[in-house]
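Inspection log for the structure reproduced underneath, given as structure tokens.
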Amino acid sequence: MKKVTFLLLALGLCVSFATAQIRGNEIRVVVSPDHNDWTYQLGEKCTFTVRVVKAQNLLPNVTVDYELGPEMYPTEIRKDVVLKDGSLALKASMKTPGFLRCKVKAHVDGRTYEGLATAAYAPERLQPVSQLPADFNEFWAGTLAEARKTPLNPTMVLLPERCTELDNVYQVSFQTKSWGGRYYGILTVPKAEGKYPALLRVPGAGVRPYSGDTYTAPGKLIVLEVGIHGIPVTMKQSVYDDLANGALSNYWTFRRDDRNAFYYNRVIVGALRAVDFLCSLSQYNGKALGVTGSSQGGALSVITAALDSRVTCLAAVHPAMCDHEAWFEKRACGWPHYYFYYGDPTDEERETARYYDTANFARQLKVPGWFSWGYNDETCPPTSMYAAYNAITAPKELHPYLETGHYWYQEQWDEWQAWLRKQLGVE
């Protein structure tokens, strides 16, 4: 009995060690605006209080570097500032709509710790800088009409190991357009006979496998989670890593001088063909169809809903690709920050980007949308996302979670999922 008890104890310790994770840092840089809602009137001073804490107590004599000013364009940069008592007050303001960011790096025992906060100045007044091409709608209508001349020719392969008591799970694929390759994804379909609403999940940037969605509304909802790169989505992670570091490295820049050959052309067409595929399923009820995603997926959610009237709602978290041309006014533009990181565009590159700007699709939306992001997002700056959001005339609601960056809180996720379930009638 003692041997058995010892063995069980040993196994328990092994499991405990195996599941233990590194979580956070002992030292934190806390940057706090002096308004609880982080919102200010134009011209009003914002005071950022910077604190460096260890075990939740101020750490004295810390050396910090900081940047202060409009996001992506700081106007005050200081290095090697000593915080004798562990804190520092910094003041600034903005006279034009946008976001004022204070970003701090603290140097302690050879390590660097970062913190930031971002204050909003009349963000509801932001409007897109990016121009809307005169033939924008005609271009996309023609592109999709041409693509739909190619049959979907779908495939469905059951994945028994992923099926649940309530849902069958398949890897599926379908043709996107002539010479456009195929889209692959994971499809979840309720096992019980009946008609169901559908949800399309579109991905954030990167190259990865997908597991499918059996969690949003088990047994009540058809869900298609797609990849965008024309490759199966059930391979080993190493395959995707090799592609991300090789053939698909910086894919978002491929052929951005040609609106017909740009990488996102086939990506967007594929997302719309995914809607075609969902609507072709005999289990689809033909009534409720949502699209959702974050970052690149947030952009694709807006784009898909704007281009297909069968989509009845969308939910987008920190949408990317917003207001590319804001760069020309030294205002924060959205990921992938084409001109900020890749230099002055050619005329062809600038013109092409207008056909792939989330803000220009946002102008076309006609269905309800749920949006959420954080003010501290450095990948998709809130200035760019607000510009796109403010261009929407359809029913919309925004749920900012101020402190988040390019991630979400559990409460944010729960609210996101609850909204989708309500819209799709699967509460």
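Identifiers in this document derive from the order of the structure tokens: chains are assigned A, B, ..., residues are numbered from 1 separately in each chain, and ligands are numbered from 1 in order of occurrence.
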- prompt: Could you pull the residues within 8 Å of region 92-96 of chain A, counting only C-alpha atoms, minus those fewer than 2 positions along the same chain, as a PyMOL selection string?
  reply: chain A and resi 42-47+68-70+90+98+100+121-122
field: Every residue of region 115-223 of chain A that DSSP places in strand (DSSP E or B), as a ChimeraX atom specification
entry: /A:115-121,155-158,167-175,182-190,196-201,222-223
Could you please take those selected residues and save C-alpha atoms as a JSON list (two decimals), in the first residue's frame?
[["chain", "number", "residue", "atom", "x", "y", "z"],
["A", 115, "GLY", "CA", 4.68, 49.11, -20.03],
["A", 116, "LEU", "CA", 2.42, 51.53, -21.85],
["A", 117, "ALA", "CA", -0.88, 53.35, -21.80],
["A", 118, "THR", "CA", -2.76, 55.17, -24.53],
["A", 119, "ALA", "CA", -5.16, 58.08, -24.05],
["A", 120, "ALA", "CA", -8.01, 58.78, -26.47],
["A", 121, "TYR", "CA", -8.66, 62.24, -27.86],
["A", 155, "THR", "CA", -14.27, 17.58, -50.58],
["A", 156, "MET", "CA", -15.21, 16.44, -47.06],
["A", 157, "VAL", "CA", -13.17, 14.00, -44.99],
["A", 158, "LEU", "CA", -14.52, 12.96, -41.61],
["A", 167, "ASP", "CA", -20.98, 17.31, -33.69],
["A", 168, "ASN", "CA", -19.27, 15.69, -36.65],
["A", 169, "VAL", "CA", -15.97, 17.29, -37.66],
["A", 170, "TYR", "CA", -14.52, 17.25, -41.18],
["A", 171, "GLN", "CA", -11.54, 18.61, -43.05],
["A", 172, "VAL", "CA", -13.01, 20.22, -46.14],
["A", 173, "SER", "CA", -11.67, 21.92, -49.22],
["A", 174, "PHE", "CA", -13.14, 23.73, -52.20],
["A", 175, "GLN", "CA", -11.98, 25.55, -55.30],
["A", 182, "ARG", "CA", -8.24, 25.59, -53.03],
["A", 183, "TYR", "CA", -9.28, 26.72, -49.58],
["A", 184, "TYR", "CA", -9.03, 24.23, -46.72],
["A", 185, "GLY", "CA", -10.81, 24.31, -43.40],
["A", 186, "ILE", "CA", -12.37, 22.43, -40.52],
["A", 187, "LEU", "CA", -16.14, 22.05, -40.68],
["A", 188, "THR", "CA", -18.29, 21.24, -37.65],
["A", 189, "VAL", "CA", -21.85, 20.01, -38.30],
["A", 190, "PRO", "CA", -24.42, 18.98, -35.66],
["A", 196, "TYR", "CA", -28.96, 25.11, -38.44],
["A", 197, "PRO", "CA", -27.44, 28.61, -38.60],
["A", 198, "ALA", "CA", -23.82, 28.91, -39.74],
["A", 199, "LEU", "CA", -20.68, 30.71, -38.67],
["A", 200, "LEU", "CA", -17.54, 31.35, -40.70],
["A", 201, "ARG", "CA", -14.34, 31.80, -38.70],
["A", 222, "ILE", "CA", -22.55, 24.80, -38.30],
["A", 223, "VAL", "CA", -19.05, 26.29, -38.09]]
Counting only C-alpha atoms, which residues of region 199-294 of chain A fall within 8 Å of region 415-425 of chain A, and what is the closest atom pair for each with its distance in Å at one decimal, ordered by chain and rising number, as a Markdown table?
| residue | atom | partner | partner_atom | distance |
| --- | --- | --- | --- | --- |
| A:Thr216 | CA | A:Gln417 | CA | 6.8 |
| A:Ala217 | CA | A:Arg421 | CA | 7.3 |
| A:Ala288 | CA | A:Leu424 | CA | 5.6 |
| A:Leu289 | CA | A:Leu424 | CA | 7.0 |
| A:Gly290 | CA | A:Leu424 | CA | 7.1 |
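Of the residues listed (A:Lys177, A:Arg259, A:Lys236, A:Arg363), A:Arg363 shows the shortest atom-to-atom separation from Thr393 (chain A); distances use only C-alpha atoms.
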message: Give me the residues near Val291 (chain A) as a ChimeraX atom specification, where near means some atom within 10 Å (using only C-alpha atoms) and where sequence neighbours in that chain fewer than 6 positions away do not count.
response: /A:198-202,223-225,271,275,297-298,300-305,311-316,369,420
Residue with smallest distance to Phe262 (chain A) - pool A:Cys322, A:Ala353, A:Cys163, A:Val226, counting only C-alpha atoms: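 When distances to Phe262 (chain A) are compared using only C-alpha atoms, the smallest one comes from A:Ala353.
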field: Per-residue DSSP, region 222-298 of chain A, filtered to alpha helix (DSSP H), as a list of chain:residue names
entry: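 Put together, the selection reads A:Gln237, A:Ser238, A:Val239, A:Tyr240, A:Asp241, A:Asp242, A:Leu243, A:Ala244, A:Tyr263, A:Tyr264, A:Asn265, A:Arg266, A:Val267, A:Ile268, A:Val269, A:Gly270, A:Ala271, A:Leu272, A:Arg273, A:Ala274, A:Val275, A:Asp276, A:Phe277, A:Leu278, A:Cys279, A:Ser280, A:Gln296, A:Gly297, A:Gly298.
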Suppose we keep C-alpha atoms; can you now write the selection as a PDB file, in the first residue's frame?
ATOM      1  CA  GLN A 237       3.169  22.257 -36.918  1.00  0.00           C
ATOM      2  CA  SER A 238       6.682  22.001 -38.355  1.00  0.00           C
ATOM      3  CA  VAL A 239       5.266  22.130 -41.903  1.00  0.00           C
ATOM      4  CA  TYR A 240       3.587  25.471 -41.210  1.00  0.00           C
ATOM      5  CA  ASP A 241       6.677  26.800 -39.451  1.00  0.00           C
ATOM      6  CA  ASP A 242       8.787  25.994 -42.505  1.00  0.00           C
ATOM      7  CA  LEU A 243       6.312  27.737 -44.787  1.00  0.00           C
ATOM      8  CA  ALA A 244       6.045  30.780 -42.512  1.00  0.00           C
ATOM      9  CA  TYR A 263      -2.003  37.916 -52.419  1.00  0.00           C
ATOM     10  CA  TYR A 264      -5.138  39.089 -50.651  1.00  0.00           C
ATOM     11  CA  ASN A 265      -7.145  38.864 -53.869  1.00  0.00           C
ATOM     12  CA  ARG A 266      -7.333  35.080 -53.679  1.00  0.00           C
ATOM     13  CA  VAL A 267      -7.669  35.281 -49.881  1.00  0.00           C
ATOM     14  CA  ILE A 268     -10.778  37.474 -50.093  1.00  0.00           C
ATOM     15  CA  VAL A 269     -12.229  35.482 -52.952  1.00  0.00           C
ATOM     16  CA  GLY A 270     -11.642  32.341 -50.873  1.00  0.00           C
ATOM     17  CA  ALA A 271     -13.525  33.788 -47.907  1.00  0.00           C
ATOM     18  CA  LEU A 272     -16.498  34.529 -50.163  1.00  0.00           C
ATOM     19  CA  ARG A 273     -16.347  31.041 -51.673  1.00  0.00           C
ATOM     20  CA  ALA A 274     -16.421  29.759 -48.086  1.00  0.00           C
ATOM     21  CA  VAL A 275     -19.797  31.484 -47.776  1.00  0.00           C
ATOM     22  CA  ASP A 276     -20.839  29.744 -51.003  1.00  0.00           C
ATOM     23  CA  PHE A 277     -19.781  26.432 -49.486  1.00  0.00           C
ATOM     24  CA  LEU A 278     -21.704  26.979 -46.250  1.00  0.00           C
ATOM     25  CA  CYS A 279     -24.818  27.992 -48.153  1.00  0.00           C
ATOM     26  CA  SER A 280     -24.571  24.818 -50.243  1.00  0.00           C
ATOM     27  CA  GLN A 296      -6.359  39.822 -40.185  1.00  0.00           C
ATOM     28  CA  GLY A 297      -9.496  37.811 -39.414  1.00  0.00           C
ATOM     29  CA  GLY A 298     -11.202  40.962 -38.155  1.00  0.00           C
TER      30      GLY A 298
END
- request: Would you kindly return, as an NGL selection string, each protein, DNA or RNA residue with an atom no farther than 12 Å from any atom of Tyr338 (chain A), considering only C-alpha atoms and excluding same-chain residues fewer than 6 positions away?
  value: :A and (250 or 252-254 or 256-257 or 320-328 or 332 or 344-346 or 349-350 or 352-354 or 356-357)
Deliver the residues from the most recent selection as a file, using C-alpha atoms, as a short mmCIF file (atom, residue, chain, number, x, y, z; two decimals), in the first residue's frame.
data_model
loop_
_atom_site.label_atom_id
_atom_site.label_comp_id
_atom_site.auth_asym_id
_atom_site.auth_seq_id
_atom_site.Cartn_x
_atom_site.Cartn_y
_atom_site.Cartn_z
CA ASN A 250 5.75 38.20 -45.54
CA TRP A 252 0.98 40.05 -47.13
CA THR A 253 3.43 41.94 -49.38
CA PHE A 254 3.22 39.59 -52.38
CA ARG A 256 0.93 44.44 -53.91
CA ASP A 257 1.50 46.45 -57.08
CA ALA A 320 -6.20 44.87 -39.30
CA MET A 321 -5.62 46.53 -42.69
CA CYS A 322 -7.39 49.75 -41.69
CA ASP A 323 -6.62 53.11 -43.29
CA HIS A 324 -3.32 52.35 -45.03
CA GLU A 325 -2.98 55.89 -46.38
CA ALA A 326 -3.07 57.50 -42.94
CA TRP A 327 0.73 57.21 -43.16
CA PHE A 328 0.75 60.13 -45.62
CA ALA A 332 -1.15 55.67 -37.30
CA ASP A 344 7.31 55.12 -50.02
CA PRO A 345 4.88 53.22 -52.25
CA THR A 346 4.82 53.32 -55.99
CA GLU A 349 1.12 49.98 -54.76
CA ARG A 350 -0.85 52.89 -53.37
CA THR A 352 -3.83 48.60 -55.11
CA ALA A 353 -3.97 49.10 -51.35
CA ARG A 354 -7.19 51.13 -51.69
CA TYR A 356 -7.87 46.10 -49.87
CA ASP A 357 -8.42 48.67 -47.13
#
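Pairwise distance (CA of Thr49 (chain A), CA of Tyr409 (chain A)) equals 23.4 Å.
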query: Could you name the residues that touch Thr63 (chain A) at 8 Å or less, counting only C-alpha atoms, but leaving out those on the same chain fewer than 2 positions away, as a ChimeraX atom specification?
result: /A:61,65,80-83,106-108
